[in-house]
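Structure file start.tsv with TSV, C-alpha atoms:
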```
chain	number	residue	atom	x	y	z
A	1	MET	CA	-27.45	13.79	-11.18
A	2	ILE	CA	-24.87	11.65	-9.39
A	3	ARG	CA	-23.55	8.51	-11.06
A	4	ASP	CA	-20.51	6.24	-11.28
A	5	VAL	CA	-17.60	7.27	-13.46
A	6	THR	CA	-17.21	5.49	-16.80
A	7	GLU	CA	-14.33	5.25	-19.28
A	8	ALA	CA	-15.89	8.01	-21.41
A	9	ASP	CA	-15.81	10.42	-18.46
A	10	LEU	CA	-12.09	10.12	-17.77
A	11	PRO	CA	-10.88	13.12	-19.80
A	12	ALA	CA	-13.41	15.45	-18.14
A	13	VAL	CA	-12.76	13.92	-14.71
A	14	LEU	CA	-9.03	14.43	-15.19
A	15	GLU	CA	-9.74	18.16	-15.56
A	16	LEU	CA	-11.59	18.17	-12.23
A	17	VAL	CA	-8.81	16.22	-10.50
A	18	HIS	CA	-6.26	18.70	-11.79
A	19	ALA	CA	-8.46	21.58	-10.57
A	20	LEU	CA	-8.49	20.06	-7.08
A	21	CYS	CA	-4.71	19.60	-7.19
A	22	ARG	CA	-4.19	23.23	-8.20
A	23	HIS	CA	-6.57	24.34	-5.44
A	24	GLU	CA	-4.56	22.34	-2.89
A	25	GLY	CA	-1.20	23.48	-4.25
A	26	ASP	CA	-0.27	20.01	-5.52
A	27	GLN	CA	1.25	19.06	-8.85
A	28	THR	CA	-1.06	17.89	-11.61
A	29	LEU	CA	0.57	14.57	-12.38
A	30	ASN	CA	-2.57	12.52	-12.67
A	31	THR	CA	-3.19	10.75	-15.91
A	32	ILE	CA	-6.11	8.81	-17.28
A	33	ASP	CA	-4.15	5.58	-16.72
A	34	THR	CA	-3.70	6.22	-13.01
A	35	LEU	CA	-7.41	6.99	-12.59
A	36	ARG	CA	-8.43	3.96	-14.60
A	37	ARG	CA	-6.31	1.62	-12.50
A	38	SER	CA	-7.95	2.55	-9.23
A	39	PHE	CA	-11.54	3.05	-10.26
A	40	LEU	CA	-12.30	1.17	-13.47
A	41	ALA	CA	-10.21	-1.98	-13.22
A	42	ALA	CA	-11.86	-5.40	-13.16
A	43	GLN	CA	-11.56	-5.45	-9.38
A	44	PRO	CA	-11.55	-1.77	-8.39
A	45	ASP	CA	-10.40	-0.97	-4.89
A	46	GLY	CA	-12.51	2.12	-4.75
A	47	TRP	CA	-15.41	4.10	-6.10
A	48	MET	CA	-15.52	7.35	-8.01
A	49	VAL	CA	-18.84	9.16	-8.37
A	50	LEU	CA	-19.55	12.21	-10.50
A	51	ALA	CA	-22.01	15.06	-10.18
A	52	GLU	CA	-23.20	15.90	-13.65
A	53	HIS	CA	-24.98	18.92	-15.12
A	54	ALA	CA	-25.96	19.54	-18.73
A	55	GLU	CA	-22.47	20.76	-19.61
A	56	GLY	CA	-20.71	17.78	-18.05
A	57	PRO	CA	-19.18	16.72	-14.70
A	58	VAL	CA	-19.13	19.52	-12.12
A	59	GLY	CA	-17.85	17.55	-9.16
A	60	TYR	CA	-16.52	14.19	-8.06
A	61	ALA	CA	-15.70	12.14	-4.98
A	62	THR	CA	-13.64	9.00	-4.42
A	63	ALA	CA	-13.53	6.43	-1.66
A	64	HIS	CA	-11.64	3.24	-0.89
A	65	ILE	CA	-12.76	0.26	1.15
A	66	THR	CA	-11.32	0.14	4.64
A	67	TYR	CA	-11.84	-1.73	7.87
A	68	GLU	CA	-12.32	-0.47	11.42
A	69	SER	CA	-11.01	-3.29	13.56
A	70	SER	CA	-12.21	-1.72	16.82
A	71	ASP	CA	-15.80	-2.30	15.72
A	72	ALA	CA	-15.25	-5.18	13.32
A	73	GLU	CA	-16.90	-2.98	10.69
A	74	ARG	CA	-16.18	-2.41	7.04
A	75	GLY	CA	-16.43	1.12	5.65
A	76	ALA	CA	-14.68	3.53	3.30
A	77	TYR	CA	-12.05	6.24	3.43
A	78	VAL	CA	-12.95	9.26	1.28
A	79	GLY	CA	-9.93	10.34	-0.72
A	80	ASP	CA	-11.16	13.29	-2.79
A	81	ILE	CA	-14.28	15.41	-2.77
A	82	PHE	CA	-14.45	18.36	-5.13
A	83	VAL	CA	-17.13	20.63	-6.59
A	84	VAL	CA	-16.36	23.40	-9.08
A	85	GLU	CA	-16.13	26.78	-7.33
A	86	VAL	CA	-19.19	28.42	-8.88
A	87	LEU	CA	-21.52	25.61	-7.80
A	88	ARG	CA	-20.50	25.24	-4.16
A	89	GLY	CA	-22.90	25.64	-1.26
A	90	GLN	CA	-25.79	24.03	-3.18
A	91	GLY	CA	-25.73	20.55	-1.68
A	92	ILE	CA	-23.69	18.88	-4.43
A	93	GLY	CA	-20.95	17.85	-1.99
A	94	ARG	CA	-23.51	16.28	0.30
A	95	ALA	CA	-25.09	14.47	-2.65
A	96	LEU	CA	-21.67	13.10	-3.67
A	97	LEU	CA	-21.02	11.77	-0.15
A	98	GLY	CA	-24.53	10.34	-0.09
A	99	ALA	CA	-23.85	8.47	-3.32
A	100	LEU	CA	-20.62	7.07	-1.86
A	101	ALA	CA	-22.43	6.09	1.35
A	102	LEU	CA	-25.01	4.17	-0.70
A	103	ARG	CA	-22.33	2.21	-2.54
A	104	VAL	CA	-20.46	1.57	0.69
A	105	ARG	CA	-23.65	0.31	2.33
A	106	ASP	CA	-24.34	-2.00	-0.59
A	107	ALA	CA	-20.83	-3.38	-0.18
A	108	GLY	CA	-21.56	-4.17	3.47
A	109	GLY	CA	-19.97	-1.03	4.92
A	110	THR	CA	-21.27	1.16	7.73
A	111	PHE	CA	-19.16	4.33	7.79
A	112	LEU	CA	-17.26	6.97	5.86
A	113	TRP	CA	-13.98	8.29	7.15
A	114	LEU	CA	-12.36	11.53	6.00
A	115	THR	CA	-9.37	13.60	6.97
A	116	ALA	CA	-8.67	17.31	6.56
A	117	LEU	CA	-5.76	19.53	7.42
A	118	PRO	CA	-6.21	21.80	10.46
A	119	GLY	CA	-6.05	24.84	8.15
A	120	ASN	CA	-9.07	23.88	6.07
A	121	PRO	CA	-12.08	25.37	7.93
A	122	ARG	CA	-14.44	25.05	4.99
A	123	ALA	CA	-13.97	21.26	4.96
A	124	HIS	CA	-14.43	21.10	8.75
A	125	ALA	CA	-17.68	23.08	8.57
A	126	PHE	CA	-18.96	20.85	5.78
A	127	TYR	CA	-18.27	17.59	7.63
A	128	ARG	CA	-19.57	18.92	10.96
A	129	GLY	CA	-22.76	20.00	9.20
A	130	LEU	CA	-23.32	16.39	8.16
A	131	GLY	CA	-22.82	15.06	11.67
A	132	CYS	CA	-19.61	13.22	12.53
A	133	LYS	CA	-17.15	12.36	15.29
A	134	GLU	CA	-13.88	14.19	14.95
A	135	GLN	CA	-10.48	13.77	16.55
A	136	PRO	CA	-6.97	15.05	15.93
A	137	VAL	CA	-4.52	12.46	14.58
A	138	ILE	CA	-0.99	12.47	13.27
A	139	ALA	CA	-0.81	11.32	9.66
A	140	PHE	CA	2.38	9.52	8.67
A	141	ALA	CA	3.43	9.04	5.06
A	142	ALA	CA	6.38	6.94	3.93
A	143	THR	CA	7.05	8.07	0.36
A	144	GLY	CA	10.03	8.45	-1.96
A	145	ASP	CA	13.31	7.40	-0.33
A	146	ALA	CA	11.73	6.33	2.95
A	147	PHE	CA	9.31	4.09	1.05
A	148	GLU	CA	12.03	2.69	-1.26
A	149	LYS	CA	14.22	1.88	1.74
A	150	LEU	CA	11.42	0.02	3.48
A	151	ALA	CA	10.46	-1.88	0.34
A	152	SER	CA	14.08	-2.93	-0.18
A	153	GLU	CA	14.20	-4.50	3.29
A	154	ALA	CA	11.34	-6.86	2.47
B	232	MET	CA	16.21	-14.60	16.03
B	233	THR	CA	14.57	-15.41	12.74
B	234	ILE	CA	11.64	-13.26	11.68
B	235	ALA	CA	9.52	-14.47	8.79
B	236	VAL	CA	6.70	-12.39	7.33
B	237	ARG	CA	4.01	-14.09	5.25
B	238	GLU	CA	0.43	-13.56	4.11
B	239	ALA	CA	-2.28	-14.53	6.59
B	240	VAL	CA	-4.24	-17.69	5.82
B	241	PRO	CA	-7.67	-18.77	7.16
B	242	ALA	CA	-6.02	-20.89	9.86
B	243	ASP	CA	-4.57	-17.69	11.37
B	244	ALA	CA	-8.06	-16.27	12.04
B	245	PRO	CA	-8.45	-17.33	15.72
B	246	MET	CA	-5.01	-16.04	16.70
B	247	LEU	CA	-5.51	-12.75	14.79
B	248	ALA	CA	-8.93	-12.25	16.35
B	249	GLU	CA	-7.28	-12.58	19.75
B	250	LEU	CA	-4.61	-10.01	18.90
B	251	LEU	CA	-7.21	-7.59	17.48
B	252	ARG	CA	-9.33	-7.90	20.60
B	253	ALA	CA	-6.26	-7.11	22.70
B	254	ILE	CA	-5.53	-3.94	20.68
B	255	ASN	CA	-9.13	-2.78	20.96
B	256	ASP	CA	-9.67	-3.55	24.63
B	257	GLU	CA	-10.46	0.01	25.64
B	258	PRO	CA	-13.54	1.89	26.92
B	259	GLY	CA	-15.86	2.85	24.08
B	260	LEU	CA	-14.65	0.12	21.74
B	261	HIS	CA	-16.27	-3.24	21.03
B	262	PRO	CA	-13.64	-5.97	20.95
B	263	GLU	CA	-16.29	-8.63	21.54
B	264	ARG	CA	-17.48	-8.05	17.96
B	265	ILE	CA	-14.14	-9.27	16.64
B	266	THR	CA	-14.46	-13.00	16.06
B	267	ALA	CA	-12.42	-15.54	14.15
B	268	GLU	CA	-15.27	-15.62	11.64
B	269	SER	CA	-15.29	-11.83	11.09
B	270	VAL	CA	-11.51	-11.85	10.72
B	271	ARG	CA	-11.67	-14.74	8.28
B	272	HIS	CA	-14.40	-13.10	6.20
B	273	ASP	CA	-13.61	-9.38	6.39
B	274	LEU	CA	-9.83	-9.42	6.50
B	275	ILE	CA	-8.30	-12.69	5.37
B	276	GLY	CA	-11.03	-13.38	2.84
B	277	ASP	CA	-11.11	-9.93	1.21
B	278	PRO	CA	-8.70	-9.78	-1.74
B	279	ARG	CA	-8.46	-5.99	-1.40
B	280	VAL	CA	-7.01	-6.24	2.13
B	281	ALA	CA	-3.32	-6.95	2.62
B	282	LEU	CA	-2.88	-8.92	5.83
B	283	LEU	CA	0.65	-9.98	6.75
B	284	VAL	CA	1.69	-12.03	9.75
B	285	ALA	CA	5.15	-12.09	11.38
B	286	GLU	CA	6.50	-15.25	12.91
B	287	ALA	CA	9.44	-15.12	15.32
B	288	GLU	CA	11.03	-18.52	15.85
B	289	GLY	CA	7.96	-20.07	14.19
B	290	VAL	CA	5.39	-18.42	16.49
B	291	VAL	CA	2.98	-15.67	15.29
B	292	ALA	CA	4.20	-12.52	17.02
B	293	GLY	CA	2.46	-9.71	15.13
B	294	PHE	CA	0.55	-8.59	12.07
B	295	VAL	CA	-0.16	-5.62	9.81
B	296	SER	CA	-3.23	-4.89	7.68
B	297	GLY	CA	-3.46	-2.49	4.77
B	298	HIS	CA	-5.84	-1.23	2.08
B	299	PRO	CA	-5.04	0.29	-1.29
B	300	PHE	CA	-5.61	4.01	-1.68
B	301	TYR	CA	-5.24	6.43	-4.60
B	302	ASP	CA	-3.70	9.78	-3.73
B	303	SER	CA	-4.64	12.36	-6.37
B	304	ALA	CA	-2.19	14.89	-4.84
B	305	SER	CA	0.72	12.76	-5.99
B	306	SER	CA	-1.08	10.81	-8.69
B	307	ARG	CA	0.13	7.56	-7.19
B	308	TRP	CA	-1.52	4.75	-5.37
B	309	GLY	CA	-0.25	3.17	-2.17
B	310	MET	CA	-1.45	1.47	0.98
B	311	VAL	CA	-3.18	2.79	4.07
B	312	ILE	CA	-2.16	0.80	7.16
B	313	GLY	CA	-5.22	-0.18	9.19
B	314	ASP	CA	-3.71	-2.03	12.13
B	315	ILE	CA	-0.19	-2.91	13.18
B	316	TYR	CA	0.50	-4.88	16.29
B	317	VAL	CA	3.37	-6.80	17.85
B	318	ALA	CA	2.79	-8.96	20.94
B	319	HIS	CA	4.21	-7.33	24.08
B	320	GLU	CA	6.83	-9.95	24.77
B	321	ALA	CA	8.13	-9.79	21.18
B	322	ARG	CA	8.67	-6.04	20.95
B	323	ARG	CA	11.90	-4.16	20.28
B	324	ARG	CA	13.23	-6.90	18.02
B	325	GLY	CA	12.51	-5.32	14.64
B	326	ILE	CA	9.27	-7.21	14.04
B	327	GLY	CA	7.18	-4.07	13.58
B	328	ARG	CA	9.58	-2.68	11.04
B	329	ALA	CA	9.77	-6.04	9.24
B	330	LEU	CA	5.98	-6.01	8.91
B	331	VAL	CA	5.86	-2.47	7.54
B	332	ALA	CA	8.75	-3.23	5.18
B	333	ALA	CA	6.94	-6.31	3.90
B	334	LEU	CA	3.82	-4.24	3.23
B	335	ALA	CA	5.91	-1.63	1.40
B	336	GLY	CA	7.58	-4.37	-0.65
B	337	SER	CA	4.27	-5.90	-1.57
B	338	ALA	CA	2.84	-2.51	-2.60
B	339	ALA	CA	6.00	-1.63	-4.55
B	340	ARG	CA	5.82	-4.88	-6.55
B	341	ASP	CA	2.33	-3.85	-7.67
B	342	GLY	CA	3.39	-0.31	-8.60
B	343	GLY	CA	2.44	1.33	-5.31
B	344	ALA	CA	4.47	4.31	-4.08
B	345	PHE	CA	3.67	5.07	-0.45
B	346	LEU	CA	2.43	3.86	2.91
B	347	TRP	CA	0.10	6.08	4.88
B	348	TRP	CA	-1.38	5.77	8.31
B	349	ALA	CA	-2.83	7.78	11.18
B	350	ALA	CA	-1.84	7.56	14.84
B	351	ASP	CA	-3.26	8.99	18.02
B	352	PRO	CA	-1.26	12.10	19.04
B	353	GLY	CA	-1.09	10.76	22.61
B	354	ASP	CA	0.35	7.37	21.70
B	355	GLU	CA	4.06	7.99	22.40
B	356	LEU	CA	5.12	4.41	21.74
B	357	ALA	CA	3.46	4.39	18.31
B	358	LEU	CA	4.84	7.83	17.45
B	359	ALA	CA	8.40	6.76	18.29
B	360	PHE	CA	8.04	3.69	16.10
B	361	HIS	CA	6.60	5.66	13.17
B	362	ARG	CA	9.32	8.29	13.40
B	363	GLY	CA	11.95	5.60	13.30
B	364	ILE	CA	10.67	4.63	9.87
B	365	GLY	CA	11.48	8.06	8.46
B	366	ALA	CA	7.91	8.91	7.56
B	367	GLU	CA	6.77	12.52	7.16
B	368	GLU	CA	4.25	13.47	9.80
B	369	THR	CA	1.37	15.92	9.50
B	370	PRO	CA	-1.13	16.89	12.19
B	371	THR	CA	-4.53	16.18	10.70
B	372	ILE	CA	-8.15	16.00	11.77
B	373	SER	CA	-10.03	12.76	11.28
B	374	PHE	CA	-13.81	12.84	10.70
B	375	PHE	CA	-15.84	9.68	11.20
B	376	ILE	CA	-19.37	9.48	9.79
B	377	GLY	CA	-21.03	6.37	11.17
B	378	ASP	CA	-24.23	5.12	12.79
B	379	ASP	CA	-27.07	7.68	12.51
B	380	ASP	CA	-24.86	10.23	10.73
B	381	PHE	CA	-24.11	7.64	8.04
B	382	ARG	CA	-27.73	6.58	7.71
B	383	ARG	CA	-28.81	10.21	7.27
B	384	LEU	CA	-26.56	10.48	4.23
B	385	LEU	CA	-28.15	7.58	2.37
```
Please lay out the structure from this file as structure tokens.
Amino acid sequence: MIRDVTEADLPAVLELVHALCRHEGDQTLNTIDTLRRSFLAAQPDGWMVLAEHAEGPVGYATAHITYESSDAERGAYVGDIFVVEVLRGQGIGRALLGALALRVRDAGGTFLWLTALPGNPRAHAFYRGLGCKEQPVIAFAATGDAFEKLASEA
Amino acid sequence: MTIAVREAVPADAPMLAELLRAINDEPGLHPERITAESVRHDLIGDPRVALLVAEAEGVVAGFVSGHPFYDSASSRWGMVIGDIYVAHEARRRGIGRALVAALAGSAARDGGAFLWWAADPGDELALAFHRGIGAEETPTISFFIGDDDFRRLL
């Protein structure tokens, strides 16, 4: 079953987020507060959906509203998609994206947008299997000092 | 030359629609779908979208749009830049940087920690600008699920 995250899910979801971070080689700095702010605030800027089995959440996906000016269309950028290792290849990932697509459609959106690193063939195969248009881009991130410097100029 | 950056207001919609159509005037895109009404409703009117306008000597010379995004890898939230544009005749005067700085400042005031955006690998002008900001760059693949592919997911 796929459903929206609730406050009661946050501890279990945090475990899944940390699992994704470890899988990607990132630090596990996420806290319940940071998740709550983005997905459970009064005016959330994104959605988080969970895939749930009898024992609890086994996967999750997040998306944030975005806008494609070239088509004058609203849609969503998918931030995370994760399914526990033992349950992969069974359609749970597709179901999670489908649940996001439904919410995006109900919010007036018409597309999902995802990015993946060139060295992640499993993700590429998954997205291509769904049908998509792909193109190489350069992703720029201003964080830490570069971000602080910019913010100080404002 | 004085540059002032401020939030867009409904009265800016016709001018912004014109600028957006100019950016998207390429084969395969649909600039005719961008109207003052769509800009007013989807961009200016959406509280989740940050839309800043730069005025040089009192005349609108450029704009930047952004959406909030939660990055689980760093456990922080920040902004994804959707569009950034400076009118041809107003370039190379620091307006682009002033716009990005204003977006960073606005995000920082709300607890945000990064700016993120994607650029076309072949767009040398954009790449030079982005590098000048001191952002980290990462080759990435972008996957777009729209139209029939999106409908199949629902």
Counting all atoms listed in the file, the residue among A:Leu14, A:Met1, A:Leu20, A:Ala72 that lies closest to Ala304 in chain B is A:Leu20
Would you mind listing, for every residue of chain A within 7 Å of chain B, the two atoms forming the shortest contact and the distance between them in Å to one decimal, using only C-alpha atoms, sorted by chain and ascending residue number, as a tab-separated table?
```
residue	atom	partner	partner_atom	distance
A:Cys21	CA	B:Ala304	CA	5.8
A:Asp26	CA	B:Ala304	CA	5.5
A:Gln27	CA	B:Ala304	CA	6.7
A:Leu29	CA	B:Ser306	CA	5.5
A:Asn30	CA	B:Ser306	CA	4.6
A:Thr34	CA	B:Ser306	CA	6.8
A:Ser38	CA	B:Tyr301	CA	6.6
A:Asp45	CA	B:Arg279	CA	6.4
A:His64	CA	B:Phe300	CA	6.1
A:Thr66	CA	B:His298	CA	6.2
A:Tyr67	CA	B:Gly313	CA	6.9
A:Ser69	CA	B:Leu251	CA	6.9
A:Ser70	CA	B:Asn255	CA	5.3
A:Asp71	CA	B:His261	CA	5.4
A:Ala72	CA	B:Ile265	CA	5.4
A:Gly79	CA	B:Asp302	CA	6.9
A:Gly98	CA	B:Leu384	CA	4.8
A:Ala101	CA	B:Leu385	CA	6.0
A:Leu102	CA	B:Leu385	CA	5.6
A:Thr110	CA	B:Gly377	CA	6.2
A:Phe111	CA	B:Gly377	CA	4.4
A:Leu112	CA	B:Ile376	CA	5.1
A:Trp113	CA	B:Phe375	CA	4.7
A:Leu114	CA	B:Phe374	CA	5.1
A:Thr115	CA	B:Ser373	CA	4.4
A:Ala116	CA	B:Ile372	CA	5.4
A:Leu117	CA	B:Thr371	CA	4.8
A:Pro118	CA	B:Thr371	CA	5.9
A:Leu130	CA	B:Asp380	CA	6.8
A:Gly131	CA	B:Asp380	CA	5.3
A:Cys132	CA	B:Ile376	CA	4.6
A:Lys133	CA	B:Phe375	CA	5.1
A:Glu134	CA	B:Phe374	CA	4.5
A:Gln135	CA	B:Ser373	CA	5.4
A:Pro136	CA	B:Ile372	CA	4.4
A:Val137	CA	B:Asp351	CA	5.0
A:Ile138	CA	B:Pro370	CA	4.6
A:Ala139	CA	B:Ala349	CA	4.3
A:Phe140	CA	B:Glu368	CA	4.5
A:Ala141	CA	B:Trp347	CA	4.5
A:Ala142	CA	B:Ala366	CA	4.4
A:Thr143	CA	B:Phe345	CA	4.6
A:Ala146	CA	B:Gly365	CA	5.8
A:Phe147	CA	B:Phe345	CA	5.9
A:Leu150	CA	B:Ala332	CA	4.5
A:Ala151	CA	B:Gly336	CA	3.9
A:Ser152	CA	B:Gly336	CA	6.7
A:Glu153	CA	B:Ala332	CA	5.9
A:Ala154	CA	B:Ala333	CA	4.7
```
Box centre and edge lengths (Å, one decimal), axis-aligned, range 62-67 of chain A plus 6 Å each side, as AutoDock Vina command-line options:
```
--center_x -12.5 --center_y 3.6 --center_z 1.7 --size_x 14.3 --size_y 22.7 --size_z 24.3
```
May I ask for the distance between CA of His124 in chain A and CA of Asp80 in chain A, given in Å to one decimal place?
->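 These two atoms are separated by 14.3 Å.
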Which value, in Å to one decimal, gives the distance between CA of Leu10 in chain A and CA of Arg36 in chain A?
-> 7.8 Å
Report the distance between CA of Arg128 in chain A and CA of Gln90 in chain A in Å, rounded to one decimal place.
-> 16.3 Å
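Distances to Pro245 in chain B were evaluated for B:Met232, B:Leu283, B:Ala267, B:Ala318 using all atoms listed in the file, and the minimum falls at B:Ala267.
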